[in-house]
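Visitor: Provided below: entry_12.pdb, containing PDB, C-alpha atoms.
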```
ATOM      1  CA  MET M   1       0.000   0.000   0.000
ATOM      2  CA  MET M   2       1.327   3.394  -1.011
ATOM      3  CA  LEU M   3       1.086   6.289   1.437
ATOM      4  CA  GLN M   4      -0.808   9.196  -0.049
ATOM      5  CA  LYS M   5      -0.174  12.659   1.282
ATOM      6  CA  PRO M   6      -3.514  14.404   1.927
ATOM      7  CA  LYS M   7      -4.370  17.326  -0.297
ATOM      8  CA  ILE M   8      -4.852  20.459   1.778
ATOM      9  CA  SER M   9      -5.455  23.604  -0.232
ATOM     10  CA  HIS M  10      -8.049  25.405   1.869
ATOM     11  CA  ILE M  11      -8.218  25.517   5.683
ATOM     12  CA  LEU M  12     -11.212  26.611   7.728
ATOM     13  CA  PHE M  13      -9.986  28.109  11.005
ATOM     14  CA  ALA M  14     -12.611  28.607  13.729
ATOM     15  CA  THR M  15     -11.780  31.096  16.475
ATOM     16  CA  ASP M  16     -13.491  32.212  19.647
ATOM     17  CA  LEU M  17     -10.806  34.914  20.059
ATOM     18  CA  SER M  18      -9.378  33.178  23.146
ATOM     19  CA  ASP M  19      -5.719  32.594  23.949
ATOM     20  CA  ASN M  20      -6.105  28.970  22.953
ATOM     21  CA  ALA M  21      -7.615  29.990  19.622
ATOM     22  CA  ASN M  22      -4.457  32.022  19.060
ATOM     23  CA  ARG M  23      -2.446  28.887  19.756
ATOM     24  CA  ALA M  24      -4.600  26.923  17.310
ATOM     25  CA  PHE M  25      -4.040  29.684  14.741
ATOM     26  CA  ASP M  26      -0.317  28.903  14.865
ATOM     27  CA  TYR M  27      -1.172  25.357  13.765
ATOM     28  CA  ALA M  28      -3.417  26.619  10.975
ATOM     29  CA  VAL M  29      -0.633  28.894   9.712
ATOM     30  CA  SER M  30       1.892  26.058   9.922
ATOM     31  CA  LEU M  31      -0.387  23.797   7.877
ATOM     32  CA  ALA M  32      -0.957  26.588   5.377
ATOM     33  CA  GLU M  33       2.785  27.082   4.987
ATOM     34  CA  SER M  34       3.450  23.347   4.625
ATOM     35  CA  TYR M  35       0.730  22.786   2.051
ATOM     36  CA  ASN M  36       0.714  26.186   0.352
ATOM     37  CA  ALA M  37      -2.915  26.481   1.417
ATOM     38  CA  GLY M  38      -5.290  29.348   2.032
ATOM     39  CA  ILE M  39      -7.080  30.048   5.303
ATOM     40  CA  THR M  40     -10.643  31.198   5.869
ATOM     41  CA  VAL M  41     -11.307  32.447   9.398
ATOM     42  CA  ILE M  42     -14.705  32.080  11.060
ATOM     43  CA  HIS M  43     -15.904  33.516  14.354
ATOM     44  CA  VAL M  44     -19.414  32.801  15.612
ATOM     45  CA  PHE M  45     -20.966  34.443  18.635
ATOM     46  CA  GLU M  46     -24.228  33.611  20.246
ATOM     47  CA  LYS M  47     -26.898  36.261  20.581
ATOM     48  CA  LEU M  48     -27.507  37.746  23.993
ATOM     49  CA  PRO M  49     -30.360  36.188  25.924
ATOM     50  CA  ARG M  50     -33.628  38.045  25.382
ATOM     51  CA  ASN M  51     -34.019  38.997  29.049
ATOM     52  CA  THR M  52     -30.916  41.240  28.839
ATOM     53  CA  ASP M  53     -32.322  43.381  26.005
ATOM     54  CA  PRO M  54     -34.571  45.729  28.061
ATOM     55  CA  ILE M  55     -31.702  46.555  30.380
ATOM     56  CA  LEU M  56     -29.337  47.292  27.486
ATOM     57  CA  VAL M  57     -31.980  49.345  25.620
ATOM     58  CA  ALA M  58     -32.367  51.631  28.627
ATOM     59  CA  PHE M  59     -28.640  51.754  29.370
ATOM     60  CA  LEU M  60     -27.503  52.453  25.793
ATOM     61  CA  GLY M  61     -30.394  54.758  24.863
ATOM     62  CA  TYR M  62     -31.886  52.825  21.956
ATOM     63  CA  ARG M  63     -35.525  53.241  20.820
ATOM     64  CA  ASP M  64     -36.426  49.611  21.347
ATOM     65  CA  GLU M  65     -35.017  46.081  21.437
ATOM     66  CA  ASP M  66     -35.064  45.705  17.645
ATOM     67  CA  GLU M  67     -32.870  48.790  17.177
ATOM     68  CA  LEU M  68     -30.516  47.494  19.852
ATOM     69  CA  ARG M  69     -30.157  44.112  18.145
ATOM     70  CA  GLU M  70     -29.723  45.526  14.642
ATOM     71  CA  LYS M  71     -27.184  48.212  15.492
ATOM     72  CA  SER M  72     -25.289  46.320  18.157
ATOM     73  CA  GLU M  73     -24.979  43.124  16.137
ATOM     74  CA  ALA M  74     -23.918  44.924  12.947
ATOM     75  CA  ASN M  75     -21.410  47.065  14.859
ATOM     76  CA  LEU M  76     -19.971  44.085  16.714
ATOM     77  CA  ILE M  77     -19.663  42.027  13.523
ATOM     78  CA  ASP M  78     -17.846  44.878  11.769
ATOM     79  CA  ARG M  79     -15.460  45.418  14.690
ATOM     80  CA  ILE M  80     -14.648  41.711  15.046
ATOM     81  CA  LYS M  81     -14.165  41.270  11.312
ATOM     82  CA  THR M  82     -11.856  44.306  11.117
ATOM     83  CA  ALA M  83      -9.761  43.080  14.064
ATOM     84  CA  ILE M  84      -9.423  39.591  12.556
ATOM     85  CA  GLU M  85      -8.509  41.011   9.128
ATOM     86  CA  GLN M  86      -5.832  43.222  10.723
ATOM     87  CA  PHE M  87      -4.493  40.246  12.669
ATOM     88  CA  CYS M  88      -4.289  38.136   9.497
ATOM     89  CA  ALA M  89      -2.511  40.950   7.627
ATOM     90  CA  GLN M  90       0.021  41.357  10.473
ATOM     91  CA  THR M  91       0.648  37.616  10.512
ATOM     92  CA  ALA M  92       1.234  37.519   6.747
ATOM     93  CA  GLU M  93       3.714  40.421   7.036
ATOM     94  CA  GLN M  94       5.631  38.790   9.878
ATOM     95  CA  ILE M  95       6.175  35.507   8.063
ATOM     96  CA  PRO M  96       8.038  36.463   4.857
ATOM     97  CA  THR M  97       8.416  32.865   3.693
ATOM     98  CA  CYS M  98       4.721  32.257   4.104
ATOM     99  CA  SER M  99       2.979  31.937   0.774
ATOM    100  CA  LEU M 100      -0.463  31.488   2.274
ATOM    101  CA  ILE M 101      -3.376  33.613   1.287
ATOM    102  CA  PHE M 102      -6.025  34.561   3.783
ATOM    103  CA  GLY M 103      -9.419  34.097   2.270
ATOM    104  CA  GLU M 104     -12.596  35.333   3.766
ATOM    105  CA  VAL M 105     -13.163  36.394   7.325
ATOM    106  CA  LEU M 106     -16.604  35.211   8.364
ATOM    107  CA  VAL M 107     -18.257  36.673  11.460
ATOM    108  CA  GLU M 108     -21.740  35.417  12.259
ATOM    109  CA  THR M 109     -24.240  35.082  15.048
ATOM    110  CA  GLY M 110     -25.869  31.802  15.943
ATOM    111  CA  ASN M 111     -24.976  28.496  17.496
ATOM    112  CA  PRO M 112     -21.183  28.219  17.058
ATOM    113  CA  ALA M 113     -21.091  24.444  16.470
ATOM    114  CA  ASP M 114     -23.962  24.597  13.963
ATOM    115  CA  ARG M 115     -22.488  27.502  11.999
ATOM    116  CA  ILE M 116     -18.989  25.975  11.915
ATOM    117  CA  LEU M 117     -20.418  22.641  10.738
ATOM    118  CA  HIS M 118     -22.498  24.444   8.105
ATOM    119  CA  HIS M 119     -19.383  26.046   6.612
ATOM    120  CA  ALA M 120     -17.321  22.862   6.932
ATOM    121  CA  GLY M 121     -20.015  21.031   4.953
ATOM    122  CA  THR M 122     -20.803  23.647   2.333
ATOM    123  CA  GLY M 123     -17.421  25.253   1.736
ATOM    124  CA  ASN M 124     -14.544  23.916  -0.280
ATOM    125  CA  TYR M 125     -12.402  23.165   2.784
ATOM    126  CA  ASP M 126      -9.981  20.292   3.259
ATOM    127  CA  ILE M 127      -9.480  20.587   7.037
ATOM    128  CA  LEU M 128     -10.893  22.476   9.998
ATOM    129  CA  VAL M 129      -8.582  23.799  12.731
ATOM    130  CA  MET M 130      -9.843  25.015  16.093
ATOM    131  CA  GLY M 131      -8.848  25.226  19.730
ATOM    132  CA  ASN M 132     -10.417  23.382  22.618
ATOM    133  CA  ARG M 133     -11.252  25.356  25.742
ATOM    134  CA  GLY M 134     -10.783  22.352  27.998
ATOM    135  CA  LEU M 135     -14.034  22.567  29.920
ATOM    136  CA  GLY M 136     -14.255  20.422  33.005
ATOM    137  CA  LEU M 137     -16.180  17.163  32.825
ATOM    138  CA  ILE M 138     -19.296  18.484  34.554
ATOM    139  CA  GLN M 139     -19.439  21.720  32.570
ATOM    140  CA  ALA M 140     -18.849  19.926  29.263
ATOM    141  CA  THR M 141     -21.499  17.334  30.103
ATOM    142  CA  LEU M 142     -24.123  19.892  31.075
ATOM    143  CA  MET M 143     -23.427  22.503  28.422
ATOM    144  CA  GLY M 144     -21.893  20.414  25.683
ATOM    145  CA  SER M 145     -18.624  21.175  24.005
ATOM    146  CA  ILE M 146     -18.439  23.068  20.744
ATOM    147  CA  SER M 147     -15.266  21.259  19.709
ATOM    148  CA  ARG M 148     -16.818  17.877  20.557
ATOM    149  CA  LYS M 149     -19.963  18.645  18.534
ATOM    150  CA  VAL M 150     -17.868  19.855  15.608
ATOM    151  CA  LEU M 151     -15.587  16.817  15.768
ATOM    152  CA  GLN M 152     -18.545  14.422  15.800
ATOM    153  CA  GLY M 153     -20.442  16.157  12.998
ATOM    154  CA  SER M 154     -17.743  17.386  10.650
ATOM    155  CA  PRO M 155     -17.637  16.036   7.103
ATOM    156  CA  ILE M 156     -13.956  17.046   6.852
ATOM    157  CA  PRO M 157     -10.947  16.222   9.056
ATOM    158  CA  VAL M 158     -10.684  18.317  12.221
ATOM    159  CA  LEU M 159      -7.534  19.339  14.071
ATOM    160  CA  ILE M 160      -8.402  20.316  17.640
ATOM    161  CA  VAL M 161      -5.584  22.033  19.505
ATOM    162  CA  PRO M 162      -5.759  21.482  23.274
ATOM    163  CA  MET M 163      -5.051  24.229  25.759
ATOM    164  CA  ALA M 164      -1.360  24.718  26.487
ATOM    165  CA  MET M 165       0.039  23.468  29.747
ATOM    166  CA  GLU M 166       1.166  26.301  32.070
ATOM    167  CA  SER M 167       4.846  25.539  31.486
ATOM    168  CA  ASN M 168       4.376  25.707  27.699
ATOM    169  CA  LYS M 169       2.392  28.963  27.604
ATOM    170  CA  LYS M 170       5.573  31.035  27.813
ATOM    171  CA  THR M 171       6.910  29.544  24.587
ATOM    172  CA  THR M 172       4.330  31.100  22.288
ATOM    173  CA  SER M 173       5.557  33.571  19.714
ATOM    174  CA  ASN M 174       5.655  37.320  20.247
ATOM    175  CA  ARG M 175       3.380  37.873  17.279
ATOM    176  CA  SER M 176       0.455  40.147  18.074
ATOM    177  CA  ARG M 177      -2.613  38.217  19.064
ATOM    178  CA  LEU M 178      -6.321  38.337  18.445
ATOM    179  CA  ALA M 179      -6.979  40.379  21.533
ATOM    180  CA  PRO M 180     -10.604  41.422  21.674
ATOM    181  CA  PRO M 181     -10.322  45.238  21.853
ATOM    182  CA  PHE M 182     -13.910  45.459  20.678
ATOM    183  CA  PHE M 183     -15.179  44.157  24.006
ATOM    184  CA  GLU M 184     -13.825  47.007  26.079
ATOM    185  CA  PRO M 185     -16.506  48.757  28.169
TER
END
```
Kindly return the structure encoded in the file as structure tokens.
Guide:
Amino acid sequence: MMLQKPKISHILFATDLSDNANRAFDYAVSLAESYNAGITVIHVFEKLPRNTDPILVAFLGYRDEDELREKSEANLIDRIKTAIEQFCAQTAEQIPTCSLIFGEVLVETGNPADRILHHAGTGNYDILVMGNRGLGLIQATLMGSISRKVLQGSPIPVLIVPMAMESNKKTTSNRSRLAPPFFEP
């Protein structure tokens, strides 16, 4: 039997903007460099629970809950997308030997596992890369794990990067990270 190297030309990278997602991004970039592949970045955030809307409407001075949702969601999507695009551009500049091309940056609202699986199944991706938050057994059992749901339902191979051990966290690169400046109060 002859070993066949997998064809990887397009990577879907899912990020929750956490430190571990930054670590997983290093793996996505490494794969992209090794295979001369492109990367599409996706970030999905869940909508705020309905019971928080009246408080935010009053606090932020919107007309009603619909205006709050429309303006806040559109603004947040734009700010996240811009930050991710800037991060990708900085990464491409800092790795001169890197021939990868960043494709789209997708920022959506909804159930993260469902949206990631939707794109994994409908896009032209060869592999999905994401980080694992490492929820405890009880929390993962009660709430479910996005990475577990994605792993079980993905039609394409999935690389899940576990959280770094404390002793290894200091070895990450000095490259600027996907810090969420758009969440400042």
Visitor: Residue by residue, what does the PyMOL selection byres ((chain M and resi 156-165) around 9) grab here? Present the result as a PDB file with C-alpha atoms, keeping the file's coordinate frame.
Guide:
```pdb
ATOM      1  CA  ASP M  19      -5.719  32.594  23.949  1.00  0.00           C
ATOM      2  CA  ASN M  20      -6.105  28.970  22.953  1.00  0.00           C
ATOM      3  CA  ALA M  21      -7.615  29.990  19.622  1.00  0.00           C
ATOM      4  CA  ARG M  23      -2.446  28.887  19.756  1.00  0.00           C
ATOM      5  CA  ALA M  24      -4.600  26.923  17.310  1.00  0.00           C
ATOM      6  CA  TYR M  27      -1.172  25.357  13.765  1.00  0.00           C
ATOM      7  CA  ALA M  28      -3.417  26.619  10.975  1.00  0.00           C
ATOM      8  CA  ALA M 120     -17.321  22.862   6.932  1.00  0.00           C
ATOM      9  CA  GLY M 121     -20.015  21.031   4.953  1.00  0.00           C
ATOM     10  CA  TYR M 125     -12.402  23.165   2.784  1.00  0.00           C
ATOM     11  CA  ASP M 126      -9.981  20.292   3.259  1.00  0.00           C
ATOM     12  CA  ILE M 127      -9.480  20.587   7.037  1.00  0.00           C
ATOM     13  CA  LEU M 128     -10.893  22.476   9.998  1.00  0.00           C
ATOM     14  CA  VAL M 129      -8.582  23.799  12.731  1.00  0.00           C
ATOM     15  CA  MET M 130      -9.843  25.015  16.093  1.00  0.00           C
ATOM     16  CA  GLY M 131      -8.848  25.226  19.730  1.00  0.00           C
ATOM     17  CA  ASN M 132     -10.417  23.382  22.618  1.00  0.00           C
ATOM     18  CA  ARG M 133     -11.252  25.356  25.742  1.00  0.00           C
ATOM     19  CA  GLY M 134     -10.783  22.352  27.998  1.00  0.00           C
ATOM     20  CA  SER M 147     -15.266  21.259  19.709  1.00  0.00           C
ATOM     21  CA  VAL M 150     -17.868  19.855  15.608  1.00  0.00           C
ATOM     22  CA  LEU M 151     -15.587  16.817  15.768  1.00  0.00           C
ATOM     23  CA  GLY M 153     -20.442  16.157  12.998  1.00  0.00           C
ATOM     24  CA  SER M 154     -17.743  17.386  10.650  1.00  0.00           C
ATOM     25  CA  PRO M 155     -17.637  16.036   7.103  1.00  0.00           C
ATOM     26  CA  GLU M 166       1.166  26.301  32.070  1.00  0.00           C
ATOM     27  CA  SER M 167       4.846  25.539  31.486  1.00  0.00           C
ATOM     28  CA  ASN M 168       4.376  25.707  27.699  1.00  0.00           C
ATOM     29  CA  LYS M 169       2.392  28.963  27.604  1.00  0.00           C
TER      30      LYS M 169
END
```
Visitor: Tell me which protein, DNA and RNA residues are within 9 Å of Tyr35 of chain M, counting all atoms listed in the file, leaving out same-chain ones fewer than 2 positions away, and put them as a list in words.
Guide: Lys7, Ile8, Ser9, Ser30, Leu31, Ala32, Glu33, Ala37, Gly38 and Leu100 of chain M
Visitor: Check the smallest atom-to-atom distance from each of M:Leu106, M:Ile77, M:Val41, M:Ala83 to Val29 of chain M using only C-alpha atoms, then report the winner.
Guide: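 Ranking M:Leu106, M:Ile77, M:Val41, M:Ala83 by distance to Val29 of chain M, first place goes to M:Val41.
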Visitor: When you draw a straight line from atom CA of Thr91 of chain M to atom CA of Leu12 of chain M, how long is it in Å?
Guide: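 The value is 16.4 Å.
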Visitor: Run the PyMOL selection byres ((chain M and resi 16) around 8) against the file shown and list the residues it catches, as a ChimeraX atom specification.
Guide: /M:14-15,17-18,21,43-45
Visitor: Tell me which of M:Ile80, M:Gln90, M:Ile42, M:Glu104 sits closest to His118 of chain M, counting only C-alpha atoms.
Guide: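 Using only C-alpha atoms, the shortest distance to His118 of chain M belongs to M:Ile42.
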Visitor: Distance atom CA of Thr122 of chain M-atom CA of Phe13 of chain M, one decimal place?
Guide: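 Computing the Euclidean distance for atom CA of Thr122 of chain M and atom CA of Phe13 of chain M yields 14.6 Å.
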